[in-house]
Amino acid sequence: MGLFGRIPSKAGGVDVVDQLPNLGREAEMLAIMGLSSMDDLFSDIPEDVRRTSPLDLPLPQTEEEIWKDATRLLGANIPINSRPSFIGGGLYANHVPAMVPMMATRGEFLTSYTPYQPEVSQGMLQAMWEFQTMVSELVGLPVSNVSMYDASTAAAEAITTAVRVVNRKVEQKDTVFISELIPEHRLSVIENYTQGGGIILKKLAHDEDGHLNLESLKEAAGSCAIYVEQPNAFGIADEGIAQAKSIIGENTALIVGVNTVSLGLMEAPGNYGADIVVGEGQPFGIGPTAGGPIYGIFACKENFIRQMPGRIVGLSHDSDGQRAFTLTLSTREQHIRRHKATSNICSNETLIALMGAMHMALLGPAGLEKLAIRNSAAMMKTKEGVSSIEGVSLAHPSSSHFNEFVIRLPNSAKSLCDFLDQRGISPGIPIDILFPNMDDNLILVTCTDQTSESDVKLLTAGIKAWVQEASQ
């Protein structure tokens, strides 16, 4: 019968499998597909990217040898907290209380998976429900899911969600306007999610001071949605975003991407008309960790809940009238619905999100405000120091910032990074990494609650020495 058993594929009323010669399994499968060789199977792959020689891999190793190699490779990394670091751009090295990893590594959390059976998963479900509640309160919206993979997938899913919900109510169907100051890595995820669904992306212009051009918003009125970030990729707190909803109208969804820590000081987007709020949850609960694992937040108004991706935990009552938690509204295995699925995200970052919930619970409202103030105060001190250096200027001097800002240098930002790296300082991210078409003499400098006065002094002295050396 062959590898697949009896395959109901007929050729002139005769089963194809019955007509196959006694071939090997590989040849049998190729014949069923109408192919003669493995080369035919992979003919769509360009020849110049195919590998014909064996991989250059070492011989098998013992456990001790593998451990030694792993230690050597990992030793090449520089821990972000081992030196003055001003790297941010979406992931931030805020202090995480020791209680968070202690709780998160308990077996009840660490070994948990999808709580399909609520009767044996009440603890995990309640913890997830508490996470949703805290996110909802943080952003000022009534509904939150249990997390997304990261801020970029959350932003992309928010756009597709908005299109599904409001497409029939607007004139510019399938059209979404997005801020032109979205970093390249996030934009690529958004484009990847939207290109197959026929969604049209258009850009929202910003002024020279980095603020959203309110006139450009008028073009977006009547579209499915707009996506903006507050603060934006340059750390600019844009007061104009609060006026966006009144300009674009009620039918056009306002999607706001947030720096979650900034909400300790800044207005919750739900309070100024946001329909969907997304963002990176990483500052709560976990460090940058070389880029992952991290988690995204996603919250929305009630009219978007049926189209919201991911999982939702609901509060109900059991047969005895006691409080009971269960997964609700959204099917986890969305992919089995194929083209009818609301999302291809069929899981979430449960453990990492729960670490965020633990962190937020330990902070409380007052602690969150204090954390935001510490971030902002460190930024102001650093901005004051570096902007006093001759030859260095602020890229957006008239704008307010939260915890990061951009400076303009007399030479390339990469040369500054190379110079200070040798002195044990990470000065920030060259802007042309985030925005390839921008000038190479701009650098994004980020501060958190872990930025000390001595860090600021070392950065200021280092930039000053670099400027002096470059001018000689």
# chains A, B, ... in the order shown; residues from 1 in each chain; ligands from 1
$ closest_atom_pairs --of "range 125-243 of chain A" --to "range 303-324 of chain A" --cutoff "12 Å" --atoms "only C-alpha atoms" --output "Markdown table"
| residue | atom | partner | partner_atom | distance |
| --- | --- | --- | --- | --- |
| A:Leu125 | CA | A:Val313 | CA | 6.7 |
| A:Gln126 | CA | A:Val313 | CA | 8.1 |
| A:Ala127 | CA | A:Val313 | CA | 9.6 |
| A:Met128 | CA | A:Val313 | CA | 6.8 |
| A:Trp129 | CA | A:Val313 | CA | 5.5 |
| A:Glu130 | CA | A:Val313 | CA | 9.3 |
| A:Phe131 | CA | A:Val313 | CA | 9.8 |
| A:Gln132 | CA | A:Val313 | CA | 8.0 |
| A:Thr133 | CA | A:Val313 | CA | 10.1 |
| A:Leu141 | CA | A:Phe304 | CA | 11.2 |
| A:Pro142 | CA | A:Ile305 | CA | 9.7 |
| A:Val143 | CA | A:Ile305 | CA | 7.2 |
| A:Ser144 | CA | A:Ile312 | CA | 7.4 |
| A:Asn145 | CA | A:Ile312 | CA | 4.9 |
| A:Val146 | CA | A:Arg311 | CA | 5.8 |
| A:Ser147 | CA | A:Gly310 | CA | 7.1 |
| A:Met148 | CA | A:Gly310 | CA | 6.8 |
| A:Tyr149 | CA | A:Gly310 | CA | 9.6 |
| A:Thr153 | CA | A:Pro309 | CA | 10.4 |
| A:Ala154 | CA | A:Pro309 | CA | 8.9 |
| A:Ala155 | CA | A:Pro309 | CA | 11.3 |
| A:Ala156 | CA | A:Pro309 | CA | 10.7 |
| A:Glu157 | CA | A:Pro309 | CA | 7.0 |
| A:Ala158 | CA | A:Met308 | CA | 7.8 |
| A:Ile159 | CA | A:Met308 | CA | 10.6 |
| A:Thr160 | CA | A:Gln307 | CA | 9.2 |
| A:Thr161 | CA | A:Gln307 | CA | 5.9 |
| A:Ala162 | CA | A:Phe304 | CA | 7.5 |
| A:Val163 | CA | A:Gln307 | CA | 9.9 |
| A:Arg164 | CA | A:Gln307 | CA | 7.4 |
| A:Val165 | CA | A:Phe304 | CA | 6.6 |
| A:Val166 | CA | A:Phe304 | CA | 9.3 |
$ write_last_selection --atoms "C-alpha atoms" --output "compact mmCIF listing (two decimals), in the first residue's frame"
# COMPACT_ATOMS: atom_id res chain seq x y z
CA LEU A 125 -5.87 31.22 34.76
CA GLN A 126 -6.31 33.69 37.62
CA ALA A 127 -2.73 34.93 37.20
CA MET A 128 -3.37 35.45 33.48
CA TRP A 129 -6.65 37.23 34.26
CA GLU A 130 -4.82 39.54 36.70
CA PHE A 131 -2.32 40.36 33.93
CA GLN A 132 -5.17 41.31 31.60
CA THR A 133 -6.74 43.48 34.30
CA LEU A 141 -9.26 50.25 27.72
CA PRO A 142 -11.78 47.62 28.87
CA VAL A 143 -10.36 44.46 27.27
CA SER A 144 -6.87 42.95 27.07
CA ASN A 145 -5.58 39.60 25.89
CA VAL A 146 -2.98 37.46 27.64
CA SER A 147 -0.12 38.87 25.51
CA MET A 148 1.40 38.77 22.04
CA TYR A 149 4.85 37.73 20.87
CA THR A 153 3.43 41.41 16.07
CA ALA A 154 0.98 43.28 18.33
CA ALA A 155 1.09 46.33 16.02
CA ALA A 156 0.62 44.21 12.89
CA GLU A 157 -2.26 42.26 14.43
CA ALA A 158 -3.90 45.50 15.59
CA ILE A 159 -3.89 46.78 12.01
CA THR A 160 -5.43 43.62 10.57
CA THR A 161 -7.97 43.56 13.42
CA ALA A 162 -9.02 47.15 12.73
CA VAL A 163 -9.47 46.44 9.02
CA ARG A 164 -11.73 43.46 9.73
CA VAL A 165 -13.89 45.47 12.11
CA VAL A 166 -14.32 48.82 10.33
$ residues_around --residues "Glu239 in chain A" --least-positions-apart "6" --cutoff "12 Å" --atoms "only C-alpha atoms" --output "ChimeraX atom specification"
/A:210-214,229-232,266-267,269,272,399-401
$ write_last_selection --atoms "C-alpha atoms" --output "PDB file, in the first residue's frame"
ATOM      1  CA  GLY A 210       9.427  64.957  15.220  1.00  0.00           C
ATOM      2  CA  HIS A 211       5.757  65.631  15.965  1.00  0.00           C
ATOM      3  CA  LEU A 212       2.917  64.185  13.930  1.00  0.00           C
ATOM      4  CA  ASN A 213       1.778  66.548  11.192  1.00  0.00           C
ATOM      5  CA  LEU A 214      -1.879  67.109  12.063  1.00  0.00           C
ATOM      6  CA  GLU A 229       3.500  55.562  18.583  1.00  0.00           C
ATOM      7  CA  GLN A 230       3.576  57.523  21.856  1.00  0.00           C
ATOM      8  CA  PRO A 231       6.332  58.328  22.599  1.00  0.00           C
ATOM      9  CA  ASN A 232       7.699  57.751  19.104  1.00  0.00           C
ATOM     10  CA  MET A 266       1.664  60.086  30.484  1.00  0.00           C
ATOM     11  CA  GLU A 267      -2.066  59.896  29.839  1.00  0.00           C
ATOM     12  CA  PRO A 269      -4.317  56.310  25.359  1.00  0.00           C
ATOM     13  CA  TYR A 272      -7.947  60.280  24.519  1.00  0.00           C
ATOM     14  CA  SER A 399      10.391  68.590  21.797  1.00  0.00           C
ATOM     15  CA  SER A 400       9.675  66.857  25.101  1.00  0.00           C
ATOM     16  CA  HIS A 401      11.095  63.369  25.531  1.00  0.00           C
TER      17      HIS A 401
END
$ select_by_dssp --residues "range 327-412 of chain A" --states "helix (DSSP H, G or I)" --output "PyMOL selection string"
chain A and resi 334-340+350-387
$ atom_distance --atom1 "CA of Gly249 in chain A" --atom2 "CA of Gly222 in chain A"
7.4 Å
$ residues_around --residues "Ser82 in chain A" --least-positions-apart "4" --cutoff "10 Å" --atoms "only C-alpha atoms" --output "VMD selection string"
chain A and resid 78 424 to 425
$ write_last_selection --atoms "N, CA and C atoms" --output "short mmCIF file (atom, residue, chain, number, x, y, z; two decimals), in the first residue's frame"
data_model
loop_
_atom_site.label_atom_id
_atom_site.label_comp_id
_atom_site.auth_asym_id
_atom_site.auth_seq_id
_atom_site.Cartn_x
_atom_site.Cartn_y
_atom_site.Cartn_z
N ILE A 78 28.75 40.79 26.02
CA ILE A 78 28.99 41.76 27.08
C ILE A 78 27.67 42.04 27.77
N GLY A 424 34.74 50.92 27.14
CA GLY A 424 33.77 50.27 28.01
C GLY A 424 32.47 51.01 28.15
N ILE A 425 32.06 51.76 27.12
CA ILE A 425 30.80 52.51 27.16
C ILE A 425 29.99 52.19 25.90
#
$ atom_distance --atom1 "CA of Pro118 in chain A" --atom2 "CA of Gly140 in chain A"
28.2 Å
$ select_by_dssp --residues "range 28-265 of chain A" --states "strand (DSSP E or B)" --output "MDAnalysis selection string"
chainID A and resid 85 143:144 148 172:179 200:204 206 212 223:230 236 253:259
$ write_last_selection --atoms "C-alpha atoms" --output "compact mmCIF listing (two decimals), in the first residue's frame"
# COMPACT_ATOMS: atom_id res chain seq x y z
CA SER A 85 24.93 51.52 28.51
CA VAL A 143 -10.36 44.46 27.27
CA SER A 144 -6.87 42.95 27.07
CA MET A 148 1.40 38.77 22.04
CA GLN A 172 -11.03 54.17 2.11
CA LYS A 173 -11.54 50.43 2.45
CA ASP A 174 -8.51 48.27 3.31
CA THR A 175 -6.40 51.43 3.80
CA VAL A 176 -4.36 52.09 6.93
CA PHE A 177 -2.15 55.13 7.60
CA ILE A 178 0.99 54.49 9.65
CA SER A 179 3.52 56.87 11.15
CA ILE A 200 -2.94 49.30 1.62
CA LEU A 201 -0.38 51.08 3.82
CA LYS A 202 0.12 54.83 3.55
CA LYS A 203 2.46 57.06 5.56
CA LEU A 204 1.61 59.79 8.06
CA HIS A 206 5.91 64.21 10.82
CA LEU A 212 2.92 64.18 13.93
CA SER A 223 -9.61 55.05 6.29
CA CYS A 224 -9.76 51.87 8.34
CA ALA A 225 -7.18 52.96 10.91
CA ILE A 226 -4.09 54.95 11.75
CA TYR A 227 -1.13 53.60 13.70
CA VAL A 228 1.06 55.99 15.71
CA GLU A 229 3.50 55.56 18.58
CA GLN A 230 3.58 57.52 21.86
CA ILE A 236 9.35 62.30 21.62
CA ALA A 253 -9.71 53.27 14.39
CA LEU A 254 -6.92 54.94 16.36
CA ILE A 255 -4.15 52.45 17.17
CA VAL A 256 -1.48 53.67 19.57
CA GLY A 257 1.82 51.89 20.25
CA VAL A 258 3.15 52.76 23.70
CA ASN A 259 6.27 52.59 25.81
$ residues_around --residues "range 459-463 of chain A" --least-positions-apart "6" --cutoff "12 Å" --atoms "only C-alpha atoms" --output "ChimeraX atom specification"
/A:83-86,381-393,407-411,413,415-428,443,445-447,451-453,469-470
$ write_last_selection --atoms "C-alpha atoms" --output "PDB file, in the first residue's frame"
ATOM      1  CA  ARG A  83      29.137  48.797  31.684  1.00  0.00           C
ATOM      2  CA  PRO A  84      27.522  52.213  31.200  1.00  0.00           C
ATOM      3  CA  SER A  85      24.933  51.521  28.505  1.00  0.00           C
ATOM      4  CA  PHE A  86      22.610  53.918  26.693  1.00  0.00           C
ATOM      5  CA  LYS A 381      20.277  64.777  33.144  1.00  0.00           C
ATOM      6  CA  THR A 382      21.889  62.989  30.195  1.00  0.00           C
ATOM      7  CA  LYS A 383      20.382  65.355  27.642  1.00  0.00           C
ATOM      8  CA  GLU A 384      21.745  68.316  29.591  1.00  0.00           C
ATOM      9  CA  GLY A 385      25.218  66.775  29.714  1.00  0.00           C
ATOM     10  CA  VAL A 386      25.696  65.740  26.097  1.00  0.00           C
ATOM     11  CA  SER A 387      24.050  68.823  24.590  1.00  0.00           C
ATOM     12  CA  SER A 388      26.613  71.008  26.373  1.00  0.00           C
ATOM     13  CA  ILE A 389      29.447  69.472  24.291  1.00  0.00           C
ATOM     14  CA  GLU A 390      30.695  71.725  21.511  1.00  0.00           C
ATOM     15  CA  GLY A 391      29.905  70.181  18.126  1.00  0.00           C
ATOM     16  CA  VAL A 392      27.027  68.073  19.512  1.00  0.00           C
ATOM     17  CA  SER A 393      23.398  69.203  19.281  1.00  0.00           C
ATOM     18  CA  ILE A 407      21.674  63.850  19.163  1.00  0.00           C
ATOM     19  CA  ARG A 408      23.462  65.078  16.056  1.00  0.00           C
ATOM     20  CA  LEU A 409      27.217  64.420  15.949  1.00  0.00           C
ATOM     21  CA  PRO A 410      30.004  66.065  13.912  1.00  0.00           C
ATOM     22  CA  ASN A 411      30.930  62.649  12.439  1.00  0.00           C
ATOM     23  CA  ALA A 413      27.580  57.639  14.953  1.00  0.00           C
ATOM     24  CA  SER A 415      32.715  55.896  14.715  1.00  0.00           C
ATOM     25  CA  LEU A 416      31.568  57.184  18.116  1.00  0.00           C
ATOM     26  CA  CYS A 417      30.308  53.724  19.047  1.00  0.00           C
ATOM     27  CA  ASP A 418      33.621  52.132  18.047  1.00  0.00           C
ATOM     28  CA  PHE A 419      35.564  54.780  19.979  1.00  0.00           C
ATOM     29  CA  LEU A 420      33.556  54.427  23.199  1.00  0.00           C
ATOM     30  CA  ASP A 421      33.263  50.653  22.963  1.00  0.00           C
ATOM     31  CA  GLN A 422      37.014  50.467  23.477  1.00  0.00           C
ATOM     32  CA  ARG A 423      36.511  52.514  26.644  1.00  0.00           C
ATOM     33  CA  GLY A 424      33.767  50.269  28.010  1.00  0.00           C
ATOM     34  CA  ILE A 425      30.797  52.511  27.161  1.00  0.00           C
ATOM     35  CA  SER A 426      27.786  51.756  24.917  1.00  0.00           C
ATOM     36  CA  PRO A 427      26.599  55.225  23.816  1.00  0.00           C
ATOM     37  CA  GLY A 428      23.363  54.239  22.043  1.00  0.00           C
ATOM     38  CA  ILE A 443      22.409  58.487  17.491  1.00  0.00           C
ATOM     39  CA  VAL A 445      20.587  57.795  23.476  1.00  0.00           C
ATOM     40  CA  THR A 446      18.446  55.901  25.994  1.00  0.00           C
ATOM     41  CA  CYS A 447      18.260  56.217  29.779  1.00  0.00           C
ATOM     42  CA  THR A 451      21.369  55.142  34.521  1.00  0.00           C
ATOM     43  CA  SER A 452      23.548  56.676  37.239  1.00  0.00           C
ATOM     44  CA  GLU A 453      25.186  60.089  37.478  1.00  0.00           C
ATOM     45  CA  GLU A 469      40.254  63.584  18.685  1.00  0.00           C
ATOM     46  CA  ALA A 470      38.206  63.806  15.495  1.00  0.00           C
TER      47      ALA A 470
END
$ residues_around --residues "Asp449 in chain A" --least-positions-apart "5" --cutoff "7 Å" --atoms "only C-alpha atoms" --output "list in words"
Asn94, His95, Leu371, Arg374, Asn375 and Ala378 of chain A
$ write_last_selection --atoms "N, CA and C atoms" --output "PDB file, in the first residue's frame"
ATOM      1  N   ASN A  94      15.343  48.257  32.597  1.00  0.00           N
ATOM      2  CA  ASN A  94      14.881  48.711  33.903  1.00  0.00           C
ATOM      3  C   ASN A  94      15.166  47.644  34.960  1.00  0.00           C
ATOM      4  N   HIS A  95      15.208  48.090  36.208  1.00  0.00           N
ATOM      5  CA  HIS A  95      15.421  47.143  37.305  1.00  0.00           C
ATOM      6  C   HIS A  95      14.209  46.237  37.446  1.00  0.00           C
ATOM      7  N   LEU A 371       8.898  54.818  38.920  1.00  0.00           N
ATOM      8  CA  LEU A 371       9.762  54.247  37.888  1.00  0.00           C
ATOM      9  C   LEU A 371       9.819  55.155  36.669  1.00  0.00           C
ATOM     10  N   ARG A 374      11.925  58.239  37.421  1.00  0.00           N
ATOM     11  CA  ARG A 374      13.363  57.933  37.417  1.00  0.00           C
ATOM     12  C   ARG A 374      13.897  57.837  35.986  1.00  0.00           C
ATOM     13  N   ASN A 375      13.130  57.195  35.098  1.00  0.00           N
ATOM     14  CA  ASN A 375      13.523  57.120  33.692  1.00  0.00           C
ATOM     15  C   ASN A 375      13.640  58.510  33.089  1.00  0.00           C
ATOM     16  N   ALA A 378      16.589  60.636  34.531  1.00  0.00           N
ATOM     17  CA  ALA A 378      17.882  60.210  33.984  1.00  0.00           C
ATOM     18  C   ALA A 378      18.060  60.737  32.572  1.00  0.00           C
TER      19      ALA A 378
END
$ atom_distance --atom1 "CA of Gln117 in chain A" --atom2 "CA of Ser330 in chain A"
15.3 Å
$ residues_around --residues "Leu363 in chain A" --least-positions-apart "6" --cutoff "12 Å" --atoms "only C-alpha atoms" --output "compact mmCIF listing (two decimals) with N, CA and C atoms, in the first residue's frame"
# COMPACT_ATOMS: atom_id res chain seq x y z
N HIS A 95 15.21 48.09 36.21
CA HIS A 95 15.42 47.14 37.31
C HIS A 95 14.21 46.24 37.45
N VAL A 96 14.47 44.93 37.58
CA VAL A 96 13.41 43.95 37.83
C VAL A 96 13.63 43.40 39.23
N PRO A 97 12.65 43.56 40.13
CA PRO A 97 12.82 43.06 41.50
C PRO A 97 13.16 41.58 41.54
N MET A 99 12.17 39.38 43.40
CA MET A 99 10.99 38.56 43.66
C MET A 99 10.39 37.99 42.37
N VAL A 100 10.54 38.73 41.24
CA VAL A 100 9.92 38.29 39.98
C VAL A 100 10.50 36.96 39.50
N MET A 134 -4.52 44.32 34.79
CA MET A 134 -3.53 45.38 34.98
C MET A 134 -3.22 46.10 33.67
N VAL A 261 6.27 51.82 30.24
CA VAL A 261 6.70 52.53 31.45
C VAL A 261 6.27 54.00 31.42
N GLY A 264 3.32 55.59 33.38
CA GLY A 264 3.39 56.03 34.77
C GLY A 264 3.29 57.54 34.89
N PHE A 284 8.55 45.57 31.91
CA PHE A 284 7.98 44.99 33.12
C PHE A 284 8.28 43.51 33.17
N GLY A 285 9.12 43.11 34.09
CA GLY A 285 9.30 41.70 34.35
C GLY A 285 10.55 41.05 33.82
N GLY A 356 5.72 39.93 33.90
CA GLY A 356 5.30 41.32 33.83
C GLY A 356 4.21 41.62 34.83
N ALA A 357 3.26 40.70 34.99
CA ALA A 357 2.18 40.89 35.96
C ALA A 357 2.74 40.96 37.38
N GLU A 369 4.60 55.13 38.85
CA GLU A 369 4.88 56.56 38.66
C GLU A 369 6.33 56.87 39.01
N LYS A 370 6.82 56.30 40.11
CA LYS A 370 8.20 56.53 40.52
C LYS A 370 9.19 56.00 39.48
N LEU A 371 8.90 54.82 38.92
CA LEU A 371 9.76 54.25 37.89
C LEU A 371 9.82 55.15 36.67
N ALA A 372 8.67 55.67 36.25
CA ALA A 372 8.62 56.57 35.09
C ALA A 372 9.38 57.85 35.36
$ residues_around --residues "Glu215 in chain A" --least-positions-apart "6" --cutoff "12 Å" --atoms "only C-alpha atoms" --output "compact mmCIF listing (two decimals) with N, CA and C atoms, in the first residue's frame"
# COMPACT_ATOMS: atom_id res chain seq x y z
N LEU A 204 1.98 58.54 7.40
CA LEU A 204 1.61 59.79 8.06
C LEU A 204 2.88 60.61 8.25
N ALA A 205 2.87 61.84 7.80
CA ALA A 205 4.06 62.69 7.86
C ALA A 205 4.28 63.25 9.27
N HIS A 206 5.54 63.54 9.57
CA HIS A 206 5.91 64.21 10.82
C HIS A 206 6.65 65.50 10.48
N ASP A 207 6.56 66.48 11.37
CA ASP A 207 7.27 67.75 11.16
C ASP A 207 8.74 67.60 11.55
N ALA A 221 -8.73 60.49 7.46
CA ALA A 221 -10.15 60.42 7.82
C ALA A 221 -10.89 59.59 6.78
N GLY A 240 0.18 66.14 20.16
CA GLY A 240 -0.78 66.19 19.05
C GLY A 240 -1.56 64.91 18.87
N GLN A 243 -5.15 64.71 19.83
CA GLN A 243 -6.15 65.32 18.96
C GLN A 243 -6.52 64.44 17.77
N ALA A 244 -5.80 63.33 17.60
CA ALA A 244 -5.95 62.51 16.40
C ALA A 244 -7.37 62.00 16.20
N ILE A 247 -9.83 64.30 14.67
CA ILE A 247 -9.55 64.63 13.27
C ILE A 247 -9.95 63.50 12.34
N ILE A 248 -9.64 62.26 12.71
CA ILE A 248 -9.89 61.13 11.80
C ILE A 248 -11.34 60.65 11.87
$ closest_residue --among "A:Glu208, A:Lys245, A:Ala299, A:Asp432" --to "Pro397 in chain A" --atoms "only C-alpha atoms"
A:Glu208
$ closest_residue --among "A:Leu181, A:His359, A:Ser152, A:Tyr92" --to "Tyr193 in chain A" --atoms "only C-alpha atoms"
A:Ser152
